[in-house]
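A.B. asks: File name protein.pdb; file contents PDB, C-alpha atoms; full text below.
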ATOM      1  CA  MET A 659    -230.160-100.388 -51.831  1.00  0.00           C
ATOM      2  CA  SER A 660    -226.947-101.509 -50.198  1.00  0.00           C
ATOM      3  CA  PRO A 661    -223.839 -99.998 -51.785  1.00  0.00           C
ATOM      4  CA  ARG A 662    -222.085-101.881 -54.575  1.00  0.00           C
ATOM      5  CA  SER A 663    -218.380-101.329 -55.050  1.00  0.00           C
ATOM      6  CA  LEU A 664    -215.469-102.114 -57.323  1.00  0.00           C
ATOM      7  CA  THR A 665    -211.811-101.210 -57.602  1.00  0.00           C
ATOM      8  CA  VAL A 666    -210.941 -98.942 -60.501  1.00  0.00           C
ATOM      9  CA  ASP A 667    -208.197-100.164 -62.805  1.00  0.00           C
ATOM     10  CA  GLU A 668    -206.547 -98.504 -65.796  1.00  0.00           C
ATOM     11  CA  ARG A 669    -208.647-100.454 -68.321  1.00  0.00           C
ATOM     12  CA  LEU A 670    -211.930 -99.407 -66.698  1.00  0.00           C
ATOM     13  CA  LEU A 671    -210.723 -95.818 -66.557  1.00  0.00           C
ATOM     14  CA  ARG A 672    -209.948 -95.793 -70.292  1.00  0.00           C
ATOM     15  CA  ARG A 673    -213.256 -97.411 -71.206  1.00  0.00           C
ATOM     16  CA  MET A 674    -215.204 -94.927 -69.068  1.00  0.00           C
ATOM     17  CA  ALA A 675    -213.250 -92.043 -70.613  1.00  0.00           C
ATOM     18  CA  ARG A 676    -214.103 -93.401 -74.075  1.00  0.00           C
ATOM     19  CA  ASP A 677    -217.819 -93.394 -73.181  1.00  0.00           C
ATOM     20  CA  ALA A 678    -217.537 -89.851 -71.809  1.00  0.00           C
ATOM     21  CA  ALA A 679    -215.676 -88.649 -74.922  1.00  0.00           C
ATOM     22  CA  ILE A 680    -218.267 -90.204 -77.237  1.00  0.00           C
ATOM     23  CA  TYR A 681    -220.970 -88.506 -75.190  1.00  0.00           C
ATOM     24  CA  SER A 682    -219.258 -85.098 -75.414  1.00  0.00           C
ATOM     25  CA  LEU A 683    -218.514 -85.455 -79.144  1.00  0.00           C
ATOM     26  CA  THR A 684    -222.160 -86.218 -79.940  1.00  0.00           C
ATOM     27  CA  ARG A 685    -223.798 -83.408 -77.955  1.00  0.00           C
ATOM     28  CA  PRO A 686    -225.802 -80.860 -80.007  1.00  0.00           C
ATOM     29  CA  SER A 687    -223.076 -78.200 -79.766  1.00  0.00           C
ATOM     30  CA  ALA A 688    -220.456 -80.738 -80.883  1.00  0.00           C
ATOM     31  CA  LEU A 689    -222.667 -81.790 -83.787  1.00  0.00           C
ATOM     32  CA  VAL A 690    -222.757 -78.157 -84.925  1.00  0.00           C
ATOM     33  CA  MET A 691    -218.948 -78.156 -84.814  1.00  0.00           C
ATOM     34  CA  TRP A 692    -218.794 -81.404 -86.864  1.00  0.00           C
ATOM     35  CA  PHE A 693    -221.199 -80.016 -89.489  1.00  0.00           C
ATOM     36  CA  ALA A 694    -219.176 -76.787 -89.698  1.00  0.00           C
ATOM     37  CA  LEU A 695    -215.906 -78.719 -90.090  1.00  0.00           C
ATOM     38  CA  ALA A 696    -217.446 -81.018 -92.706  1.00  0.00           C
ATOM     39  CA  GLY A 697    -218.795 -78.020 -94.620  1.00  0.00           C
ATOM     40  CA  ALA A 698    -215.440 -76.269 -94.474  1.00  0.00           C
ATOM     41  CA  LEU A 699    -213.698 -79.445 -95.663  1.00  0.00           C
ATOM     42  CA  VAL A 700    -216.070 -79.830 -98.620  1.00  0.00           C
ATOM     43  CA  LEU A 701    -215.696 -76.157 -99.570  1.00  0.00           C
ATOM     44  CA  SER A 702    -211.911 -76.305 -99.328  1.00  0.00           C
ATOM     45  CA  ILE A 703    -211.807 -79.413-101.555  1.00  0.00           C
ATOM     46  CA  LEU A 704    -214.154 -77.779-104.067  1.00  0.00           C
ATOM     47  CA  ASN A 705    -211.948 -74.697-103.972  1.00  0.00           C
ATOM     48  CA  LEU A 706    -208.970 -76.850-104.957  1.00  0.00           C
ATOM     49  CA  SER A 707    -210.763 -78.005-108.091  1.00  0.00           C
ATOM     50  CA  ALA A 708    -212.025 -74.543-109.051  1.00  0.00           C
ATOM     51  CA  PRO A 709    -210.621 -73.247-112.314  1.00  0.00           C
ATOM     52  CA  VAL A 710    -207.840 -70.695-112.067  1.00  0.00           C
ATOM     53  CA  ALA A 711    -207.357 -67.932-114.613  1.00  0.00           C
ATOM     54  CA  PRO A 712    -204.674 -68.707-117.216  1.00  0.00           C
ATOM     55  CA  GLY A 713    -201.258 -67.782-115.872  1.00  0.00           C
ATOM     56  CA  ALA A 714    -202.550 -67.352-112.294  1.00  0.00           C
ATOM     57  CA  ARG A 715    -201.714 -69.651-109.404  1.00  0.00           C
ATOM     58  CA  ALA A 716    -204.074 -70.857-106.682  1.00  0.00           C
ATOM     59  CA  PRO A 717    -203.509 -69.216-103.293  1.00  0.00           C
ATOM     60  CA  PHE A 718    -200.813 -70.978-101.267  1.00  0.00           C
ATOM     61  CA  ALA A 719    -203.061 -71.761 -98.281  1.00  0.00           C
ATOM     62  CA  ALA A 720    -205.780 -73.313-100.460  1.00  0.00           C
ATOM     63  CA  GLY A 721    -203.833 -76.560-100.742  1.00  0.00           C
ATOM     64  CA  TRP A 722    -203.354 -76.755 -96.994  1.00  0.00           C
ATOM     65  CA  MET A 723    -206.940 -76.039 -95.947  1.00  0.00           C
ATOM     66  CA  PRO A 724    -208.207 -79.665 -96.126  1.00  0.00           C
ATOM     67  CA  VAL A 725    -205.208 -80.789 -94.061  1.00  0.00           C
ATOM     68  CA  ILE A 726    -205.743 -78.017 -91.515  1.00  0.00           C
ATOM     69  CA  ILE A 727    -209.455 -78.811 -91.205  1.00  0.00           C
ATOM     70  CA  ALA A 728    -208.763 -82.547 -90.767  1.00  0.00           C
ATOM     71  CA  GLY A 729    -206.157 -81.617 -88.167  1.00  0.00           C
ATOM     72  CA  LEU A 730    -208.715 -79.507 -86.281  1.00  0.00           C
ATOM     73  CA  ALA A 731    -211.142 -82.441 -86.252  1.00  0.00           C
ATOM     74  CA  GLY A 732    -208.422 -84.748 -84.947  1.00  0.00           C
ATOM     75  CA  PHE A 733    -207.447 -82.186 -82.327  1.00  0.00           C
ATOM     76  CA  ALA A 734    -211.083 -81.934 -81.149  1.00  0.00           C
ATOM     77  CA  VAL A 735    -211.242 -85.707 -80.704  1.00  0.00           C
ATOM     78  CA  PHE A 736    -207.862 -85.781 -78.922  1.00  0.00           C
ATOM     79  CA  MET A 737    -208.846 -82.987 -76.536  1.00  0.00           C
ATOM     80  CA  SER A 738    -212.214 -84.601 -75.773  1.00  0.00           C
ATOM     81  CA  VAL A 739    -210.637 -87.958 -74.977  1.00  0.00           C
ATOM     82  CA  SER A 740    -207.840 -86.346 -72.980  1.00  0.00           C
ATOM     83  CA  GLY A 741    -210.245 -84.156 -71.008  1.00  0.00           C
ATOM     84  CA  ALA A 742    -212.579 -87.062 -70.301  1.00  0.00           C
ATOM     85  CA  ARG A 743    -209.695 -89.268 -69.160  1.00  0.00           C
ATOM     86  CA  THR A 744    -208.387 -86.546 -66.862  1.00  0.00           C
ATOM     87  CA  ALA A 745    -211.829 -85.876 -65.352  1.00  0.00           C
ATOM     88  CA  VAL A 746    -212.524 -89.564 -64.729  1.00  0.00           C
ATOM     89  CA  ARG A 747    -209.025 -90.097 -63.299  1.00  0.00           C
ATOM     90  CA  ILE A 748    -209.465 -87.199 -60.858  1.00  0.00           C
ATOM     91  CA  ALA A 749    -212.881 -88.424 -59.737  1.00  0.00           C
ATOM     92  CA  MET A 750    -211.870 -92.093 -59.563  1.00  0.00           C
ATOM     93  CA  PRO A 751    -208.127 -92.643 -59.226  1.00  0.00           C
ATOM     94  CA  VAL A 752    -206.713 -96.031 -60.249  1.00  0.00           C
ATOM     95  CA  GLU A 753    -206.755 -98.612 -57.424  1.00  0.00           C
ATOM     96  CA  GLN A 754    -209.445 -96.701 -55.511  1.00  0.00           C
ATOM     97  CA  VAL A 755    -212.621 -98.438 -54.430  1.00  0.00           C
ATOM     98  CA  VAL A 756    -215.662 -96.744 -55.980  1.00  0.00           C
ATOM     99  CA  TRP A 757    -219.141 -97.396 -54.648  1.00  0.00           C
ATOM    100  CA  VAL A 758    -222.683 -96.303 -55.441  1.00  0.00           C
ATOM    101  CA  SER A 759    -225.986 -96.538 -53.624  1.00  0.00           C
ATOM    102  CA  LEU A 760    -229.419 -95.518 -54.894  1.00  0.00           C
ATOM    103  CA  GLU A 761    -231.507 -94.124 -52.076  1.00  0.00           C
ATOM    104  CA  ASP A 762    -235.133 -92.997 -52.201  1.00  0.00           C
ATOM    105  CA  ASP A 763    -234.326 -89.306 -52.737  1.00  0.00           C
ATOM    106  CA  ARG A 764    -230.646 -89.183 -53.644  1.00  0.00           C
ATOM    107  CA  LEU A 765    -227.730 -90.956 -55.246  1.00  0.00           C
ATOM    108  CA  GLN A 766    -224.739 -91.698 -53.058  1.00  0.00           C
ATOM    109  CA  VAL A 767    -221.373 -92.095 -54.747  1.00  0.00           C
ATOM    110  CA  GLY A 768    -218.004 -92.568 -53.127  1.00  0.00           C
ATOM    111  CA  SER A 769    -214.389 -92.954 -54.152  1.00  0.00           C
ATOM    112  CA  GLY A 770    -211.671 -93.509 -51.594  1.00  0.00           C
ATOM    113  CA  ARG A 771    -212.453 -91.220 -48.669  1.00  0.00           C
ATOM    114  CA  ARG A 772    -214.728 -88.951 -50.726  1.00  0.00           C
ATOM    115  CA  ARG A 773    -218.483 -89.259 -50.629  1.00  0.00           C
ATOM    116  CA  SER A 774    -221.184 -87.375 -52.518  1.00  0.00           C
ATOM    117  CA  ASP A 775    -224.901 -87.294 -51.754  1.00  0.00           C
ATOM    118  CA  ILE A 776    -226.643 -85.950 -54.842  1.00  0.00           C
ATOM    119  CA  ASP A 777    -230.363 -85.287 -55.005  1.00  0.00           C
ATOM    120  CA  TYR A 778    -231.918 -86.826 -58.119  1.00  0.00           C
ATOM    121  CA  ARG A 779    -233.358 -83.410 -59.051  1.00  0.00           C
ATOM    122  CA  THR A 780    -229.773 -82.227 -59.588  1.00  0.00           C
ATOM    123  CA  PHE A 781    -229.567 -84.314 -62.754  1.00  0.00           C
ATOM    124  CA  GLN A 782    -231.055 -83.214 -66.058  1.00  0.00           C
ATOM    125  CA  LYS A 783    -230.581 -86.388 -68.081  1.00  0.00           C
ATOM    126  CA  MET A 784    -228.778 -89.682 -68.184  1.00  0.00           C
ATOM    127  CA  HIS A 785    -226.712 -91.430 -70.842  1.00  0.00           C
ATOM    128  CA  VAL A 786    -225.838 -95.109 -70.462  1.00  0.00           C
ATOM    129  CA  GLY A 787    -222.691 -96.137 -72.269  1.00  0.00           C
ATOM    130  CA  LYS A 788    -221.037 -99.519 -72.454  1.00  0.00           C
ATOM    131  CA  ASP A 789    -218.807 -98.899 -69.423  1.00  0.00           C
ATOM    132  CA  ALA A 790    -220.043 -95.647 -67.893  1.00  0.00           C
ATOM    133  CA  VAL A 791    -223.326 -94.108 -66.839  1.00  0.00           C
ATOM    134  CA  LEU A 792    -223.162 -90.352 -67.355  1.00  0.00           C
ATOM    135  CA  LEU A 793    -225.507 -88.138 -65.379  1.00  0.00           C
ATOM    136  CA  LYS A 794    -225.656 -84.594 -66.781  1.00  0.00           C
ATOM    137  CA  LEU A 795    -226.069 -81.957 -64.118  1.00  0.00           C
ATOM    138  CA  ARG A 796    -228.925 -79.498 -64.495  1.00  0.00           C
ATOM    139  CA  ASP A 797    -227.858 -75.974 -65.630  1.00  0.00           C
ATOM    140  CA  ALA A 798    -224.241 -77.068 -66.137  1.00  0.00           C
ATOM    141  CA  SER A 799    -222.126 -78.507 -68.908  1.00  0.00           C
ATOM    142  CA  VAL A 800    -220.605 -81.228 -66.722  1.00  0.00           C
ATOM    143  CA  ALA A 801    -221.668 -84.777 -66.010  1.00  0.00           C
ATOM    144  CA  THR A 802    -221.049 -87.267 -63.235  1.00  0.00           C
ATOM    145  CA  ALA A 803    -219.647 -90.614 -64.394  1.00  0.00           C
ATOM    146  CA  ILE A 804    -220.409 -93.884 -62.637  1.00  0.00           C
ATOM    147  CA  PRO A 805    -218.996 -97.255 -63.682  1.00  0.00           C
ATOM    148  CA  ARG A 806    -221.753 -99.154 -65.499  1.00  0.00           C
ATOM    149  CA  ALA A 807    -220.718-102.357 -63.702  1.00  0.00           C
ATOM    150  CA  LEU A 808    -222.009-100.881 -60.416  1.00  0.00           C
ATOM    151  CA  LEU A 809    -225.581-100.572 -61.674  1.00  0.00           C
ATOM    152  CA  THR A 810    -227.998-103.321 -62.627  1.00  0.00           C
ATOM    153  CA  ASP A 811    -230.575-102.869 -65.380  1.00  0.00           C
ATOM    154  CA  ALA A 812    -233.164-102.362 -62.616  1.00  0.00           C
ATOM    155  CA  ASP A 813    -230.972 -99.599 -61.109  1.00  0.00           C
ATOM    156  CA  ILE A 814    -230.750 -97.927 -64.526  1.00  0.00           C
ATOM    157  CA  ALA A 815    -234.544 -98.054 -64.841  1.00  0.00           C
ATOM    158  CA  THR A 816    -234.906 -96.597 -61.340  1.00  0.00           C
ATOM    159  CA  LEU A 817    -232.485 -93.780 -62.167  1.00  0.00           C
ATOM    160  CA  ARG A 818    -234.348 -93.002 -65.383  1.00  0.00           C
ATOM    161  CA  SER A 819    -237.642 -92.771 -63.504  1.00  0.00           C
ATOM    162  CA  LYS A 820    -236.181 -90.444 -60.852  1.00  0.00           C
ATOM    163  CA  ILE A 821    -234.435 -88.145 -63.334  1.00  0.00           C
ATOM    164  CA  SER A 822    -237.069 -86.135 -65.157  1.00  0.00           C
TER     165      SER A 822
END
Once you've parsed the file, please lay out its structure as structure tokens.
C.D. replies:
Amino acid sequence: MSPRSLTVDERLLRRMARDAAIYSLTRPSALVMWFALAGALVLSILNLSAPVAPGARAPFAAGWMPVIIAGLAGFAVFMSVSGARTAVRIAMPVEQVVWVSLEDDRLQVGSGRRRSDIDYRTFQKMHVGKDAVLLKLRDASVATAIPRALLTDADIATLRSKIS
């Protein structure tokens, strides 16, 4: 395949970061975090409505727990989006030309003067978002992001068949 290229702009960067953040916030470990936060929120709300002995007051922190838990959830989303945006911006700076080429045995990706040749066996799985294709590296918690606009549906199918 001959390389396809595009110039990265701020809008594309934000949309790719959104796809990467959604991906990271829906991973199994993140789902465990969401269930734990939801459980803690429910328990803290139930604790607020629990009867208190006559003349006794509810603990001071009990009223703040739902707010703190909601704040932690918001902070997790903020950090995921911020981290994704930073990672995509470092890999593909604004106004840089990004290109991709699917070869028989490897994926070639370039940005500016950088070029990566990555064997398909390096990838564990693939997630196709609206604006980004995320390729999770085997035995690592990181993923490579490629603008979705650079890949046709046939390219996506080829990538899926080569990543097992």
A.B. asks: Calculated over all atoms listed in the file, which of the candidates A:Ala688, A:Val758, A:Leu704, A:Ala749 has the smallest distance to Asp813 in chain A?
C.D. replies: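 Looking at the shortest contact to Asp813 in chain A, the residue is A:Val758.
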A.B. asks: Which residues fall under the PyMOL selection byres ((chain A and resi 753) around 8) in this file, as a ChimeraX atom specification?
C.D. replies: /A:665-667,751-752,754-755
A.B. asks: Would you mind exporting C-alpha atoms of the selected residues as a compact mmCIF listing (two decimals), in the coordinates of the input?
C.D. replies:
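Ended up saving to part27.txt:
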# COMPACT_ATOMS: atom_id res chain seq x y z
CA THR A 665 -211.81 -101.21 -57.60
CA VAL A 666 -210.94 -98.94 -60.50
CA ASP A 667 -208.20 -100.16 -62.80
CA PRO A 751 -208.13 -92.64 -59.23
CA VAL A 752 -206.71 -96.03 -60.25
CA GLN A 754 -209.44 -96.70 -55.51
CA VAL A 755 -212.62 -98.44 -54.43
A.B. asks: Please indicate the distance in Å from CA of Val767 in chain A to CA of Arg685 in chain A, rounded to one decimal place.
C.D. replies: 24.9 Å
A.B. asks: Using all atoms listed in the file, can you list as a list in words the residues within 12 Å of (-217.9, -80.1, -89.2)?
C.D. replies: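 Counting all atoms listed in the file, I find these residues within 12 Å of (-217.9, -80.1, -89.2): Leu683, Thr684, Ser687, Ala688, Leu689, Val690, Met691, Trp692, Phe693, Ala694, Leu695, Ala696, Gly697, Ala698, Leu699, Val700, Leu701, Pro724, Ile727, Ala728, Gly729, Leu730, Ala731, Gly732 and Ala734 of chain A.
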A.B. asks: Produce a file of the selected residues containing C-alpha atoms, as a compact mmCIF listing (two decimals), in the frame of the given file.
C.D. replies:
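As written to disk, selection-v3.txt reads:
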# COMPACT_ATOMS: atom_id res chain seq x y z
CA LEU A 683 -218.51 -85.46 -79.14
CA THR A 684 -222.16 -86.22 -79.94
CA SER A 687 -223.08 -78.20 -79.77
CA ALA A 688 -220.46 -80.74 -80.88
CA LEU A 689 -222.67 -81.79 -83.79
CA VAL A 690 -222.76 -78.16 -84.92
CA MET A 691 -218.95 -78.16 -84.81
CA TRP A 692 -218.79 -81.40 -86.86
CA PHE A 693 -221.20 -80.02 -89.49
CA ALA A 694 -219.18 -76.79 -89.70
CA LEU A 695 -215.91 -78.72 -90.09
CA ALA A 696 -217.45 -81.02 -92.71
CA GLY A 697 -218.80 -78.02 -94.62
CA ALA A 698 -215.44 -76.27 -94.47
CA LEU A 699 -213.70 -79.44 -95.66
CA VAL A 700 -216.07 -79.83 -98.62
CA LEU A 701 -215.70 -76.16 -99.57
CA PRO A 724 -208.21 -79.67 -96.13
CA ILE A 727 -209.46 -78.81 -91.20
CA ALA A 728 -208.76 -82.55 -90.77
CA GLY A 729 -206.16 -81.62 -88.17
CA LEU A 730 -208.72 -79.51 -86.28
CA ALA A 731 -211.14 -82.44 -86.25
CA GLY A 732 -208.42 -84.75 -84.95
CA ALA A 734 -211.08 -81.93 -81.15
A.B. asks: Can you tell me how far CA of Leu808 in chain A sits from CA of Ser663 in chain A, in Å to one decimal?
C.D. replies: 6.5 Å
A.B. asks: Could you list, as a ChimeraX atom specification, every residue within 8 Å of range 777-789 of chain A, counting all atoms listed in the file and ignoring same-chain residues fewer than 3 positions away?
C.D. replies: /A:670,673-674,677,681,763-765,792-797,805-807,818,820-822
A.B. asks: Using CA of Ala803 in chain A and CA of Ala745 in chain A as the two end points, give the distance in Å to one decimal.
C.D. replies: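 Distance reported for this atom pair: 9.2 Å.
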A.B. asks: Restricting the calculation to only C-alpha atoms, which member of A:Val725, A:Val791, A:Val746, A:Leu809 is positioned closest to Ser759 in chain A?
C.D. replies: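 Once distances to Ser759 in chain A are computed over only C-alpha atoms, the minimum belongs to A:Leu809.
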A.B. asks: Name the closest residue to Phe736 in chain A among the candidates A:Ala720, A:Ile680, A:Ile703, A:Val800; distances are taken between atoms, counting all atoms listed in the file.
C.D. replies: A:Ile680
A.B. asks: Report, as JSON, the centre and edge lengths in Å (one decimal) of the axis-aligned box enclosing every listed atom of range 768-787 of chain A, padded by 3 Å on each side.
C.D. replies:
{"center_x": -222.5, "center_y": -89.2, "center_z": -60.5, "size_x": 27.7, "size_y": 19.9, "size_z": 29.6}
A.B. asks: Between A:Gly741, A:Ala801, A:Asp762, A:Gly768, which one has atoms that come closest to Ser819 in chain A, using only C-alpha atoms?
C.D. replies: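 When distances to Ser819 in chain A are compared using only C-alpha atoms, the smallest one comes from A:Asp762.
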A.B. asks: Quick one: of A:Ile776, A:Ala798, A:Leu760, A:Ala711, who's nearest to Thr810 in chain A, counting only C-alpha atoms?
C.D. replies: A:Leu760
A.B. asks: For Ser682 in chain A, which of A:Ser769, A:Ser774, A:Met750, A:Val739 is the closest residue, counting only C-alpha atoms?
C.D. replies: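 Of all the options, A:Val739 lies closest to Ser682 in chain A.
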